[in-house]
file target-v9.csv (CSV, C-alpha atoms)
chain,number,residue,atom,x,y,z
A,1,ASP,CA,18.3,-9.6,-3.6
A,2,SER,CA,16.7,-8.2,-0.3
A,3,GLY,CA,16.4,-11.6,1.3
A,4,VAL,CA,12.6,-11.3,1.5
A,5,THR,CA,10.7,-13.9,-0.6
A,6,GLN,CA,7.2,-13.8,-1.9
A,7,THR,CA,5.1,-16.4,-3.6
A,8,PRO,CA,3.5,-16.6,-6.0
A,9,LYS,CA,5.0,-14.1,-8.4
A,10,HIS,CA,1.8,-13.9,-10.5
A,11,LEU,CA,-1.8,-14.8,-9.7
A,12,ILE,CA,-4.8,-14.6,-12.0
A,13,THR,CA,-8.2,-15.3,-10.6
A,14,ALA,CA,-11.8,-14.3,-11.0
A,15,THR,CA,-14.1,-12.0,-9.1
A,16,GLY,CA,-15.5,-13.4,-5.9
A,17,GLN,CA,-12.6,-15.8,-5.4
A,18,ARG,CA,-10.2,-16.0,-2.5
A,19,VAL,CA,-6.4,-16.0,-2.7
A,20,THR,CA,-3.5,-16.3,-0.3
A,21,LEU,CA,-0.2,-14.5,-0.7
A,22,ARG,CA,2.9,-15.7,1.2
A,23,CYS,CA,5.9,-13.8,2.5
A,24,SER,CA,9.1,-15.0,4.2
A,25,PRO,CA,11.1,-12.2,5.9
A,26,ARG,CA,14.8,-11.8,6.0
A,27,SER,CA,16.6,-14.2,8.3
A,28,GLY,CA,16.4,-12.7,11.8
A,29,ASP,CA,13.7,-10.1,11.0
A,30,LEU,CA,10.7,-10.2,13.3
A,31,SER,CA,8.5,-7.6,11.6
A,32,VAL,CA,6.5,-8.1,8.4
A,33,TYR,CA,4.6,-5.3,6.6
A,34,TRP,CA,2.2,-5.7,3.7
A,35,TYR,CA,1.7,-3.0,1.0
A,36,GLN,CA,-0.6,-2.7,-2.0
A,37,GLN,CA,0.7,-0.9,-5.0
A,38,SER,CA,-1.7,0.2,-7.7
A,39,LEU,CA,-1.1,2.7,-10.5
A,40,ASP,CA,-3.2,5.5,-9.1
A,41,GLN,CA,-2.5,5.0,-5.3
A,42,GLY,CA,1.2,4.4,-5.0
A,43,LEU,CA,2.3,2.2,-2.1
A,44,GLN,CA,-0.5,1.9,0.4
A,45,PHE,CA,0.3,0.4,3.8
A,46,LEU,CA,-2.0,-2.5,4.7
A,47,ILE,CA,-0.9,-4.1,7.9
A,48,HIS,CA,2.2,-4.7,10.2
A,49,TYR,CA,2.9,-7.8,12.2
A,50,TYR,CA,5.6,-8.2,14.8
A,51,ASN,CA,6.7,-11.6,16.1
A,52,GLY,CA,3.2,-13.0,15.4
A,53,GLU,CA,1.2,-10.1,16.8
A,54,GLU,CA,-0.6,-7.5,14.8
A,55,ARG,CA,1.0,-4.1,15.5
A,56,ALA,CA,-0.6,-1.7,13.1
A,57,LYS,CA,-3.4,-1.5,10.5
A,58,GLY,CA,-3.5,0.8,7.6
A,59,ASN,CA,-5.9,1.0,4.7
A,60,ILE,CA,-6.8,-2.7,4.8
A,61,LEU,CA,-10.2,-3.7,3.7
A,62,GLU,CA,-12.4,-6.0,5.9
A,63,ARG,CA,-12.2,-8.6,3.1
A,64,PHE,CA,-8.5,-8.8,3.6
A,65,SER,CA,-6.8,-10.4,6.5
A,66,ALA,CA,-3.3,-11.4,7.4
A,67,GLN,CA,-1.4,-13.4,10.0
A,68,GLN,CA,2.2,-14.2,11.0
A,69,PHE,CA,3.1,-17.7,11.9
A,70,PRO,CA,5.6,-19.0,14.6
A,71,ASP,CA,8.3,-19.4,11.9
A,72,LEU,CA,7.7,-15.7,11.2
A,73,HIS,CA,6.4,-16.1,7.6
A,74,SER,CA,3.3,-14.2,6.9
A,75,GLU,CA,0.2,-14.7,4.7
A,76,LEU,CA,-2.2,-12.1,3.3
A,77,ASN,CA,-5.6,-13.5,2.5
A,78,LEU,CA,-7.8,-11.6,0.1
A,79,SER,CA,-11.4,-12.7,-0.2
A,80,SER,CA,-14.5,-11.8,-2.3
A,81,LEU,CA,-12.1,-10.4,-4.8
A,82,GLU,CA,-13.2,-7.4,-7.0
A,83,LEU,CA,-11.7,-6.0,-10.2
A,84,GLY,CA,-10.2,-3.1,-8.2
A,85,ASP,CA,-8.1,-5.5,-6.1
A,86,SER,CA,-5.9,-6.1,-9.1
A,87,ALA,CA,-2.5,-4.7,-8.0
A,88,LEU,CA,1.0,-5.5,-6.9
A,89,TYR,CA,1.2,-6.7,-3.3
A,90,PHE,CA,4.5,-6.3,-1.5
A,91,CYS,CA,5.7,-7.5,1.8
A,92,ALA,CA,8.6,-5.9,3.6
A,93,SER,CA,10.5,-7.0,6.7
A,94,SER,CA,12.5,-5.2,9.4
A,95,ALA,CA,14.4,-6.3,12.4
A,96,SER,CA,12.2,-5.2,15.2
A,97,GLY,CA,9.5,-3.0,13.7
A,98,ILE,CA,10.3,0.5,15.0
A,99,SER,CA,9.7,3.2,12.5
A,100,GLN,CA,13.3,4.2,12.2
A,101,GLU,CA,14.4,0.9,10.8
A,102,THR,CA,15.1,0.0,7.2
A,103,GLN,CA,12.3,-2.0,5.6
A,104,TYR,CA,13.5,-4.5,3.1
A,105,PHE,CA,11.0,-5.3,0.3
A,106,GLY,CA,10.3,-8.5,-1.5
A,107,PRO,CA,9.8,-8.8,-5.2
A,108,GLY,CA,6.0,-8.7,-5.0
A,109,THR,CA,3.0,-10.7,-6.1
A,110,ARG,CA,1.1,-9.4,-9.1
A,111,LEU,CA,-2.6,-10.1,-8.7
A,112,LEU,CA,-4.9,-9.8,-11.6
A,113,VAL,CA,-8.7,-10.2,-11.0
A,114,LEU,CA,-10.8,-10.9,-14.1
B,1,GLY,CA,4.1,10.9,8.5
B,2,GLU,CA,0.3,10.6,8.0
B,3,ASN,CA,0.6,12.7,4.8
B,4,VAL,CA,3.6,12.7,2.5
B,5,GLU,CA,3.5,14.8,-0.6
B,6,GLN,CA,6.1,14.2,-3.3
B,7,HIS,CA,7.0,16.3,-6.4
B,8,PRO,CA,7.4,16.1,-9.3
B,9,SER,CA,5.5,13.1,-10.4
B,10,THR,CA,7.7,12.8,-13.5
B,11,LEU,CA,11.2,14.1,-14.2
B,12,SER,CA,13.2,13.8,-17.4
B,13,VAL,CA,16.8,14.8,-17.5
B,14,GLN,CA,19.8,14.4,-19.8
B,15,GLU,CA,22.6,12.1,-18.7
B,16,GLY,CA,25.1,14.0,-16.6
B,17,ASP,CA,22.5,16.5,-15.3
B,18,SER,CA,21.3,16.6,-11.7
B,19,ALA,CA,17.9,15.5,-10.5
B,20,VAL,CA,16.0,16.8,-7.4
B,21,ILE,CA,12.9,15.3,-5.9
B,22,LYS,CA,11.1,16.9,-3.0
B,23,CYS,CA,8.8,15.6,-0.3
B,24,THR,CA,6.9,17.4,2.4
B,25,TYR,CA,5.4,15.7,5.5
B,26,SER,CA,2.7,16.8,8.0
B,27,ASP,CA,3.8,15.2,11.3
B,28,SER,CA,6.4,17.4,13.0
B,29,ALA,CA,7.4,14.5,15.3
B,30,SER,CA,8.6,12.4,12.3
B,31,ASN,CA,12.3,11.5,12.7
B,32,TYR,CA,13.2,9.1,9.9
B,33,PHE,CA,13.0,9.7,6.2
B,34,PRO,CA,14.0,7.0,3.8
B,35,TRP,CA,14.2,7.1,0.0
B,36,TYR,CA,13.4,4.0,-2.1
B,37,LYS,CA,14.2,3.2,-5.8
B,38,GLN,CA,11.9,0.9,-7.7
B,39,GLU,CA,13.0,-0.5,-11.0
B,40,LEU,CA,10.5,-2.1,-13.4
B,41,GLY,CA,9.2,-5.4,-12.1
B,42,LYS,CA,11.1,-5.2,-8.8
B,43,GLY,CA,10.3,-4.3,-5.3
B,44,PRO,CA,11.4,-0.9,-3.8
B,45,GLN,CA,15.0,-0.8,-2.6
B,46,LEU,CA,16.3,1.6,0.0
B,47,ILE,CA,19.0,3.9,-1.5
B,48,ILE,CA,19.5,6.4,1.3
B,49,ASP,CA,17.9,7.5,4.5
B,50,ILE,CA,18.2,10.4,7.0
B,51,ARG,CA,17.4,10.8,10.6
B,52,SER,CA,16.2,14.1,12.2
B,53,ASN,CA,19.5,14.8,14.0
B,54,VAL,CA,21.3,15.6,10.8
B,55,GLY,CA,20.5,18.0,8.0
B,56,GLU,CA,22.3,16.3,5.1
B,57,LYS,CA,23.6,12.9,4.2
B,58,LYS,CA,25.6,11.9,1.1
B,59,ASP,CA,26.5,8.6,-0.5
B,60,GLN,CA,28.5,9.0,-3.7
B,61,ARG,CA,26.2,10.6,-6.3
B,62,ILE,CA,23.1,10.6,-4.0
B,63,ALA,CA,22.4,13.0,-1.2
B,64,VAL,CA,19.4,13.8,1.0
B,65,THR,CA,18.7,17.1,2.7
B,66,LEU,CA,16.2,17.6,5.6
B,67,ASN,CA,14.6,20.9,6.7
B,68,LYS,CA,12.7,20.1,9.9
B,69,THR,CA,11.4,23.6,10.3
B,70,ALA,CA,9.8,23.6,6.9
B,71,LYS,CA,9.0,19.9,7.1
B,72,HIS,CA,10.5,18.9,3.8
B,73,PHE,CA,13.3,16.7,2.6
B,74,SER,CA,14.8,16.2,-0.8
B,75,LEU,CA,16.7,13.7,-2.8
B,76,HIS,CA,19.6,14.9,-5.0
B,77,ILE,CA,21.1,12.8,-7.7
B,78,THR,CA,24.2,14.2,-9.4
B,79,GLU,CA,25.8,13.1,-12.7
B,80,THR,CA,22.7,11.1,-13.6
B,81,GLN,CA,23.2,7.9,-15.6
B,82,PRO,CA,20.6,5.9,-17.7
B,83,GLU,CA,20.6,3.3,-14.9
B,84,ASP,CA,19.2,5.9,-12.5
B,85,SER,CA,15.9,5.7,-14.5
B,86,ALA,CA,13.3,4.3,-12.1
B,87,VAL,CA,10.5,5.3,-9.8
B,88,TYR,CA,11.7,7.0,-6.6
B,89,PHE,CA,9.6,7.0,-3.4
B,90,CYS,CA,10.1,9.1,-0.2
B,91,ALA,CA,8.5,8.0,3.1
B,92,ALA,CA,8.1,9.1,6.7
B,93,PRO,CA,6.7,7.3,9.8
B,94,ASN,CA,3.1,7.6,10.7
B,95,GLN,CA,2.1,9.3,13.9
B,96,ALA,CA,2.1,6.1,15.9
B,97,GLY,CA,5.6,5.2,14.6
B,98,THR,CA,4.3,1.8,13.5
B,99,ALA,CA,4.5,2.1,9.7
B,100,LEU,CA,5.9,4.2,6.9
B,101,ILE,CA,3.7,6.5,4.8
B,102,PHE,CA,5.0,6.7,1.2
B,103,GLY,CA,4.8,9.5,-1.3
B,104,LYS,CA,3.1,8.7,-4.6
B,105,GLY,CA,6.5,8.4,-6.4
B,106,THR,CA,8.5,10.2,-9.0
B,107,THR,CA,9.3,8.5,-12.3
B,108,LEU,CA,12.8,9.6,-13.3
B,109,SER,CA,13.9,9.2,-16.9
B,110,VAL,CA,17.5,9.8,-17.8
B,111,SER,CA,18.2,10.0,-21.5
B,112,SER,CA,21.7,9.5,-23.0
call {"tool": "encode", "arguments": {"input": "target-v9.csv", "output": "structure tokens"}}
result
Amino acid sequence: DSGVTQTPKHLITATGQRVTLRCSPRSGDLSVYWYQQSLDQGLQFLIHYYNGEERAKGNILERFSAQQFPDLHSELNLSSLELGDSALYFCASSASGISQETQYFGPGTRLLVL
Amino acid sequence: GENVEQHPSTLSVQEGDSAVIKCTYSDSASNYFPWYKQELGKGPQLIIDIRSNVGEKKDQRIAVTLNKTAKHFSLHITETQPEDSAVYFCAAPNQAGTALIFGKGTTLSVSS
């Protein structure tokens, strides 16, 4: 158990809908990262938040957004969902967000868009 | 970082054999190289990492080697066991040092 929690574990929805994925980092960690994992693309970095502020953006679509709250949990919002958004979504946390730190991954949310 | 190539994509070995997975990176300033193991239905878990000030690091049956000149690093697993079967990912920092770029993964199958 990494100490990172994600809810829900599974999510099934329809095209055009909007969903929210939630992540709670390990106790004491200030950074949260979001990744998308699909079969053909591996682990794709989406976005990084540090202590409530956006620090880096990766291959995140404009339909996707995220935020980190004062209690340090983070939410990833996916809107106007398309079939191709079906994937595993992971969040990871680290202590301060520098690149040489270990990132601890949560168990993921499996999203299926029908 | 920025581009991390990982080979092979699949690897099948017999129990007790060694397994080697290789990664190359493009950013010569990269200085941290972790390896993650992902079992079915779980999130990736760090198994070993290496920083650029050393060339090799070992932890029991697992070792990682780093060649900064050639910009590649490798994961070595000795005396493989069926429970080593999983997907393994290498990673390196992006140029800004704000995120990790992951290789596409290697599916390791260890048969008994």
call {"tool": "interface_residues", "arguments": {"input": "target-v9.csv", "of": "chain A", "to": "chain B", "cutoff": "7 Å", "atoms": "all atoms listed in the file", "output": "mmCIF file with C-alpha atoms, in the frame of the given file"}}
result
data_model
loop_
_atom_site.group_PDB
_atom_site.id
_atom_site.type_symbol
_atom_site.label_atom_id
_atom_site.label_comp_id
_atom_site.auth_asym_id
_atom_site.auth_seq_id
_atom_site.Cartn_x
_atom_site.Cartn_y
_atom_site.Cartn_z
ATOM 1 C CA GLN A 41 -2.500 5.000 -5.300
ATOM 2 C CA GLY A 42 1.200 4.400 -5.000
ATOM 3 C CA LEU A 43 2.300 2.200 -2.100
ATOM 4 C CA ALA A 56 -0.600 -1.700 13.100
ATOM 5 C CA ILE A 98 10.300 0.500 15.000
ATOM 6 C CA SER A 99 9.700 3.200 12.500
ATOM 7 C CA GLN A 100 13.300 4.200 12.200
ATOM 8 C CA TYR A 104 13.500 -4.500 3.100
ATOM 9 C CA PHE A 105 11.000 -5.300 0.300
ATOM 10 C CA GLY A 106 10.300 -8.500 -1.500
ATOM 11 C CA PRO A 107 9.800 -8.800 -5.200
ATOM 12 C CA GLY A 108 6.000 -8.700 -5.000
#
call {"tool": "atom_distance", "arguments": {"input": "target-v9.csv", "atom1": "CA of Gln36 in chain A", "atom2": "CA of Cys90 in chain B"}}
result
16.0 Å
call {"tool": "atom_distance", "arguments": {"input": "target-v9.csv", "atom1": "CA of Val19 in chain A", "atom2": "CA of Arg110 in chain A"}}
result
11.9 Å
call {"tool": "residues_near_point", "arguments": {"input": "target-v9.csv", "point": "(17.9, 11.4, -21.2)", "cutoff": "6 Å", "atoms": "all atoms listed in the file", "output": "PyMOL selection string"}}
result
chain B and resi 13-15+110-112
call {"tool": "residues_near_point", "arguments": {"input": "target-v9.csv", "point": "(2.9, -16.1, -7.1)", "cutoff": "9 Å", "atoms": "all atoms listed in the file", "output": "list of chain:residue names"}}
result
A:Gln6, A:Thr7, A:Pro8, A:Lys9, A:His10, A:Leu11, A:Leu21, A:Arg22, A:Gly108, A:Thr109, A:Arg110, A:Leu111
call {"tool": "write_last_selection", "arguments": {"input": "target-v9.csv", "atoms": "C-alpha atoms", "output": "tab-separated table (two decimals), in the frame of the given file"}}
result
chain	number	residue	atom	x	y	z
A	6	GLN	CA	7.20	-13.80	-1.90
A	7	THR	CA	5.10	-16.40	-3.60
A	8	PRO	CA	3.50	-16.60	-6.00
A	9	LYS	CA	5.00	-14.10	-8.40
A	10	HIS	CA	1.80	-13.90	-10.50
A	11	LEU	CA	-1.80	-14.80	-9.70
A	21	LEU	CA	-0.20	-14.50	-0.70
A	22	ARG	CA	2.90	-15.70	1.20
A	108	GLY	CA	6.00	-8.70	-5.00
A	109	THR	CA	3.00	-10.70	-6.10
A	110	ARG	CA	1.10	-9.40	-9.10
A	111	LEU	CA	-2.60	-10.10	-8.70
call {"tool": "atom_distance", "arguments": {"input": "target-v9.csv", "atom1": "CA of Leu30 in chain A", "atom2": "CA of Gln68 in chain A"}}
result
9.7 Å
call {"tool": "residues_around", "arguments": {"input": "target-v9.csv", "residues": "Gln44 in chain A", "least_positions_apart": "6", "cutoff": "7 Å", "atoms": "only C-alpha atoms", "output": "tab-separated table (two decimals) with C-alpha atoms, keeping the file's coordinate frame"}}
result
chain	number	residue	atom	x	y	z
A	35	TYR	CA	1.70	-3.00	1.00
A	36	GLN	CA	-0.60	-2.70	-2.00
A	37	GLN	CA	0.70	-0.90	-5.00
A	59	ASN	CA	-5.90	1.00	4.70
call {"tool": "residues_around", "arguments": {"input": "target-v9.csv", "residues": "Ser31 in chain A", "least_positions_apart": "5", "cutoff": "10 Å", "atoms": "only C-alpha atoms", "output": "list in words"}}
result
Pro25, Arg26, His48, Tyr49, Tyr50, Asn51, Gly52, Glu53, Glu54, Arg55, Gln68, Leu72, His73, Ser74, Ala92, Ser93, Ser94, Ala95, Ser96, Gly97, Ile98 and Gln103 of chain A
call {"tool": "write_last_selection", "arguments": {"input": "target-v9.csv", "atoms": "C-alpha atoms", "output": "PDB file, keeping the file's coordinate frame"}}
result
ATOM      1  CA  PRO A  25      11.100 -12.200   5.900  1.00  0.00           C
ATOM      2  CA  ARG A  26      14.800 -11.800   6.000  1.00  0.00           C
ATOM      3  CA  HIS A  48       2.200  -4.700  10.200  1.00  0.00           C
ATOM      4  CA  TYR A  49       2.900  -7.800  12.200  1.00  0.00           C
ATOM      5  CA  TYR A  50       5.600  -8.200  14.800  1.00  0.00           C
ATOM      6  CA  ASN A  51       6.700 -11.600  16.100  1.00  0.00           C
ATOM      7  CA  GLY A  52       3.200 -13.000  15.400  1.00  0.00           C
ATOM      8  CA  GLU A  53       1.200 -10.100  16.800  1.00  0.00           C
ATOM      9  CA  GLU A  54      -0.600  -7.500  14.800  1.00  0.00           C
ATOM     10  CA  ARG A  55       1.000  -4.100  15.500  1.00  0.00           C
ATOM     11  CA  GLN A  68       2.200 -14.200  11.000  1.00  0.00           C
ATOM     12  CA  LEU A  72       7.700 -15.700  11.200  1.00  0.00           C
ATOM     13  CA  HIS A  73       6.400 -16.100   7.600  1.00  0.00           C
ATOM     14  CA  SER A  74       3.300 -14.200   6.900  1.00  0.00           C
ATOM     15  CA  ALA A  92       8.600  -5.900   3.600  1.00  0.00           C
ATOM     16  CA  SER A  93      10.500  -7.000   6.700  1.00  0.00           C
ATOM     17  CA  SER A  94      12.500  -5.200   9.400  1.00  0.00           C
ATOM     18  CA  ALA A  95      14.400  -6.300  12.400  1.00  0.00           C
ATOM     19  CA  SER A  96      12.200  -5.200  15.200  1.00  0.00           C
ATOM     20  CA  GLY A  97       9.500  -3.000  13.700  1.00  0.00           C
ATOM     21  CA  ILE A  98      10.300   0.500  15.000  1.00  0.00           C
ATOM     22  CA  GLN A 103      12.300  -2.000   5.600  1.00  0.00           C
TER      23      GLN A 103
END
call {"tool": "residues_around", "arguments": {"input": "target-v9.csv", "residues": "Leu114 in chain A", "least_positions_apart": "2", "cutoff": "7 Å", "atoms": "only C-alpha atoms", "output": "list of chain:residue names"}}
result
A:Thr13, A:Ala14, A:Thr15, A:Leu83, A:Leu112
call {"tool": "decode", "arguments": {"input": "target-v9.csv", "residues": "range 16-44 of chain A", "atoms": "N, CA, C and O atoms", "output": "PDB file, in the first residue's frame"}}
result
ATOM      1  N   GLY A  16     -19.767  12.271 -24.030  1.00  0.00           N
ATOM      2  CA  GLY A  16     -20.320  13.583 -23.788  1.00  0.00           C
ATOM      3  C   GLY A  16     -20.479  13.949 -22.328  1.00  0.00           C
ATOM      4  O   GLY A  16     -20.699  15.127 -22.007  1.00  0.00           O
ATOM      5  N   GLN A  17     -20.345  12.991 -21.459  1.00  0.00           N
ATOM      6  CA  GLN A  17     -20.511  13.248 -20.026  1.00  0.00           C
ATOM      7  C   GLN A  17     -19.251  13.840 -19.393  1.00  0.00           C
ATOM      8  O   GLN A  17     -18.196  13.945 -20.029  1.00  0.00           O
ATOM      9  N   ARG A  18     -19.398  14.189 -18.117  1.00  0.00           N
ATOM     10  CA  ARG A  18     -18.286  14.747 -17.345  1.00  0.00           C
ATOM     11  C   ARG A  18     -18.129  13.911 -16.082  1.00  0.00           C
ATOM     12  O   ARG A  18     -19.129  13.510 -15.469  1.00  0.00           O
ATOM     13  N   VAL A  19     -16.874  13.645 -15.709  1.00  0.00           N
ATOM     14  CA  VAL A  19     -16.603  12.886 -14.494  1.00  0.00           C
ATOM     15  C   VAL A  19     -15.504  13.580 -13.700  1.00  0.00           C
ATOM     16  O   VAL A  19     -14.721  14.369 -14.237  1.00  0.00           O
ATOM     17  N   THR A  20     -15.456  13.248 -12.406  1.00  0.00           N
ATOM     18  CA  THR A  20     -14.423  13.771 -11.516  1.00  0.00           C
ATOM     19  C   THR A  20     -13.741  12.615 -10.818  1.00  0.00           C
ATOM     20  O   THR A  20     -14.410  11.770 -10.213  1.00  0.00           O
ATOM     21  N   LEU A  21     -12.419  12.593 -10.919  1.00  0.00           N
ATOM     22  CA  LEU A  21     -11.607  11.580 -10.255  1.00  0.00           C
ATOM     23  C   LEU A  21     -10.906  12.251  -9.075  1.00  0.00           C
ATOM     24  O   LEU A  21     -10.422  13.380  -9.198  1.00  0.00           O
ATOM     25  N   ARG A  22     -10.822  11.529  -7.977  1.00  0.00           N
ATOM     26  CA  ARG A  22     -10.273  12.114  -6.768  1.00  0.00           C
ATOM     27  C   ARG A  22      -9.031  11.372  -6.303  1.00  0.00           C
ATOM     28  O   ARG A  22      -8.951  10.147  -6.435  1.00  0.00           O
ATOM     29  N   CYS A  23      -8.097  12.128  -5.746  1.00  0.00           N
ATOM     30  CA  CYS A  23      -6.840  11.556  -5.270  1.00  0.00           C
ATOM     31  C   CYS A  23      -6.453  12.201  -3.947  1.00  0.00           C
ATOM     32  O   CYS A  23      -6.470  13.433  -3.818  1.00  0.00           O
ATOM     33  N   SER A  24      -6.059  11.379  -2.986  1.00  0.00           N
ATOM     34  CA  SER A  24      -5.492  11.888  -1.735  1.00  0.00           C
ATOM     35  C   SER A  24      -4.046  11.438  -1.646  1.00  0.00           C
ATOM     36  O   SER A  24      -3.772  10.231  -1.695  1.00  0.00           O
ATOM     37  N   PRO A  25      -3.110  12.376  -1.529  1.00  0.00           N
ATOM     38  CA  PRO A  25      -1.690  12.007  -1.492  1.00  0.00           C
ATOM     39  C   PRO A  25      -1.311  11.357  -0.167  1.00  0.00           C
ATOM     40  O   PRO A  25      -2.087  11.348   0.785  1.00  0.00           O
ATOM     41  N   ARG A  26      -0.102  10.830  -0.130  1.00  0.00           N
ATOM     42  CA  ARG A  26       0.451  10.310   1.111  1.00  0.00           C
ATOM     43  C   ARG A  26       0.522  11.440   2.119  1.00  0.00           C
ATOM     44  O   ARG A  26       0.733  12.605   1.751  1.00  0.00           O
ATOM     45  N   SER A  27       0.397  11.081   3.390  1.00  0.00           N
ATOM     46  CA  SER A  27       0.483  12.071   4.441  1.00  0.00           C
ATOM     47  C   SER A  27       1.823  12.804   4.353  1.00  0.00           C
ATOM     48  O   SER A  27       2.889  12.183   4.298  1.00  0.00           O
ATOM     49  N   GLY A  28       1.772  14.121   4.307  1.00  0.00           N
ATOM     50  CA  GLY A  28       2.983  14.931   4.266  1.00  0.00           C
ATOM     51  C   GLY A  28       3.461  15.289   2.871  1.00  0.00           C
ATOM     52  O   GLY A  28       4.292  16.191   2.731  1.00  0.00           O
ATOM     53  N   ASP A  29       2.956  14.601   1.849  1.00  0.00           N
ATOM     54  CA  ASP A  29       3.376  14.929   0.480  1.00  0.00           C
ATOM     55  C   ASP A  29       2.633  16.166  -0.013  1.00  0.00           C
ATOM     56  O   ASP A  29       1.427  16.281   0.163  1.00  0.00           O
ATOM     57  N   LEU A  30       3.367  17.058  -0.685  1.00  0.00           N
ATOM     58  CA  LEU A  30       2.776  18.296  -1.172  1.00  0.00           C
ATOM     59  C   LEU A  30       2.475  18.266  -2.667  1.00  0.00           C
ATOM     60  O   LEU A  30       1.727  19.107  -3.160  1.00  0.00           O
ATOM     61  N   SER A  31       3.091  17.323  -3.362  1.00  0.00           N
ATOM     62  CA  SER A  31       2.928  17.256  -4.820  1.00  0.00           C
ATOM     63  C   SER A  31       2.014  16.117  -5.231  1.00  0.00           C
ATOM     64  O   SER A  31       2.085  15.015  -4.680  1.00  0.00           O
ATOM     65  N   VAL A  32       1.193  16.415  -6.230  1.00  0.00           N
ATOM     66  CA  VAL A  32       0.335  15.396  -6.835  1.00  0.00           C
ATOM     67  C   VAL A  32       0.525  15.447  -8.341  1.00  0.00           C
ATOM     68  O   VAL A  32       0.569  16.520  -8.941  1.00  0.00           O
ATOM     69  N   TYR A  33       0.670  14.278  -8.930  1.00  0.00           N
ATOM     70  CA  TYR A  33       0.803  14.126 -10.380  1.00  0.00           C
ATOM     71  C   TYR A  33      -0.364  13.277 -10.886  1.00  0.00           C
ATOM     72  O   TYR A  33      -0.770  12.330 -10.220  1.00  0.00           O
ATOM     73  N   TRP A  34      -0.824  13.587 -12.081  1.00  0.00           N
ATOM     74  CA  TRP A  34      -1.844  12.756 -12.729  1.00  0.00           C
ATOM     75  C   TRP A  34      -1.265  12.155 -14.004  1.00  0.00           C
ATOM     76  O   TRP A  34      -0.577  12.839 -14.786  1.00  0.00           O
ATOM     77  N   TYR A  35      -1.565  10.870 -14.215  1.00  0.00           N
ATOM     78  CA  TYR A  35      -1.127  10.144 -15.397  1.00  0.00           C
ATOM     79  C   TYR A  35      -2.310   9.406 -16.018  1.00  0.00           C
ATOM     80  O   TYR A  35      -3.227   8.977 -15.318  1.00  0.00           O
ATOM     81  N   GLN A  36      -2.230   9.270 -17.335  1.00  0.00           N
ATOM     82  CA  GLN A  36      -3.203   8.456 -18.053  1.00  0.00           C
ATOM     83  C   GLN A  36      -2.467   7.242 -18.603  1.00  0.00           C
ATOM     84  O   GLN A  36      -1.383   7.383 -19.178  1.00  0.00           O
ATOM     85  N   GLN A  37      -3.045   6.056 -18.411  1.00  0.00           N
ATOM     86  CA  GLN A  37      -2.430   4.852 -18.955  1.00  0.00           C
ATOM     87  C   GLN A  37      -3.404   4.147 -19.877  1.00  0.00           C
ATOM     88  O   GLN A  37      -4.443   3.659 -19.453  1.00  0.00           O
ATOM     89  N   SER A  38      -3.071   4.136 -21.140  1.00  0.00           N
ATOM     90  CA  SER A  38      -3.849   3.368 -22.100  1.00  0.00           C
ATOM     91  C   SER A  38      -2.953   2.302 -22.696  1.00  0.00           C
ATOM     92  O   SER A  38      -1.737   2.358 -22.564  1.00  0.00           O
ATOM     93  N   LEU A  39      -3.577   1.318 -23.368  1.00  0.00           N
ATOM     94  CA  LEU A  39      -2.836   0.155 -23.843  1.00  0.00           C
ATOM     95  C   LEU A  39      -1.723   0.536 -24.800  1.00  0.00           C
ATOM     96  O   LEU A  39      -0.633  -0.006 -24.752  1.00  0.00           O
ATOM     97  N   ASP A  40      -2.011   1.485 -25.679  1.00  0.00           N
ATOM     98  CA  ASP A  40      -1.027   1.787 -26.722  1.00  0.00           C
ATOM     99  C   ASP A  40      -0.113   2.968 -26.398  1.00  0.00           C
ATOM    100  O   ASP A  40       0.836   3.229 -27.120  1.00  0.00           O
ATOM    101  N   GLN A  41      -0.373   3.677 -25.314  1.00  0.00           N
ATOM    102  CA  GLN A  41       0.411   4.885 -25.015  1.00  0.00           C
ATOM    103  C   GLN A  41       1.193   4.805 -23.728  1.00  0.00           C
ATOM    104  O   GLN A  41       1.883   5.740 -23.365  1.00  0.00           O
ATOM    105  N   GLY A  42       1.101   3.714 -22.989  1.00  0.00           N
ATOM    106  CA  GLY A  42       1.854   3.642 -21.747  1.00  0.00           C
ATOM    107  C   GLY A  42       1.384   4.680 -20.757  1.00  0.00           C
ATOM    108  O   GLY A  42       0.239   5.131 -20.774  1.00  0.00           O
ATOM    109  N   LEU A  43       2.283   5.103 -19.883  1.00  0.00           N
ATOM    110  CA  LEU A  43       1.975   6.092 -18.845  1.00  0.00           C
ATOM    111  C   LEU A  43       2.262   7.499 -19.375  1.00  0.00           C
ATOM    112  O   LEU A  43       3.401   7.876 -19.559  1.00  0.00           O
ATOM    113  N   GLN A  44       1.211   8.258 -19.582  1.00  0.00           N
ATOM    114  CA  GLN A  44       1.359   9.620 -20.096  1.00  0.00           C
ATOM    115  C   GLN A  44       1.136  10.629 -18.961  1.00  0.00           C
ATOM    116  O   GLN A  44       0.084  10.640 -18.325  1.00  0.00           O
TER     117      GLN A  44
END
